[in-house]
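Here is the structure we will look at, set down as structure tokens.
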Amino acid sequence: MLTLDITPIIRARGIEKPFTYLVKAGFTRHAATNILNSKTSTFRLDHIEKICLTLNCEPNDILIWKPDPNVHYSENNSLNTLLQKEITETWKEAASKLTYKQLKETATNLNKQEAKDSAH
């Protein structure tokens, strides 16, 4: 089953009030509740686009495929790319585990990307 799940991104970005965050991003209260509870059975493309723009992610980051346990799927099935591993730590926790050299390199790359993004 294909589902929409933004929880890992919300957690990784350290967003403490995801409902408020989505409402401020322009989602209705009803839509925000459904999105956060993964209770969307119909995907609105404008919602997917707005989520991706707001959270700076790709559709493959928020679409998750949960295979039916009663069906055998080929290992080469392209939906396997949508199998997601849960991220259990925030970016701050992940950054705290980097060596100083890795942290400097990451900061340099992020600063370059930020400069590139602001130039557009």
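Labeling convention for the structure tokens: chains A, B, ... as they appear, residues from 1 per chain, ligands from 1 in order of appearance.
Close contacts of Leu82 in chain A, defined as residues with an atom at most 7 Å away when counting only C-alpha atoms, with chain neighbours fewer than 2 positions off set aside, comprise Asn60, Leu63, Ile64, Trp65, Leu79, Asn80 and Gln84 of chain A.
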- Message: Show me, as number ranges by chain, the residues that have an atom within 12 Å of range 20-34 of chain A when counting only C-alpha atoms, minus same-chain residues fewer than 2 positions from it.
- Response: A: 3-6, 10, 13-18, 36-44, 46-55
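If you look at CA of Leu110 in chain A and CA of Leu98 in chain A, they are 14.8 Å away from each other.
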- Message: Please extract the residues of chain A with a backbone DSSP assignment of alpha helix (DSSP H) and present them as a VMD selection string.
- Response: chain A and resid 7 to 12 18 to 24 29 to 36 45 to 55 59 to 62 91 to 96 100 to 119
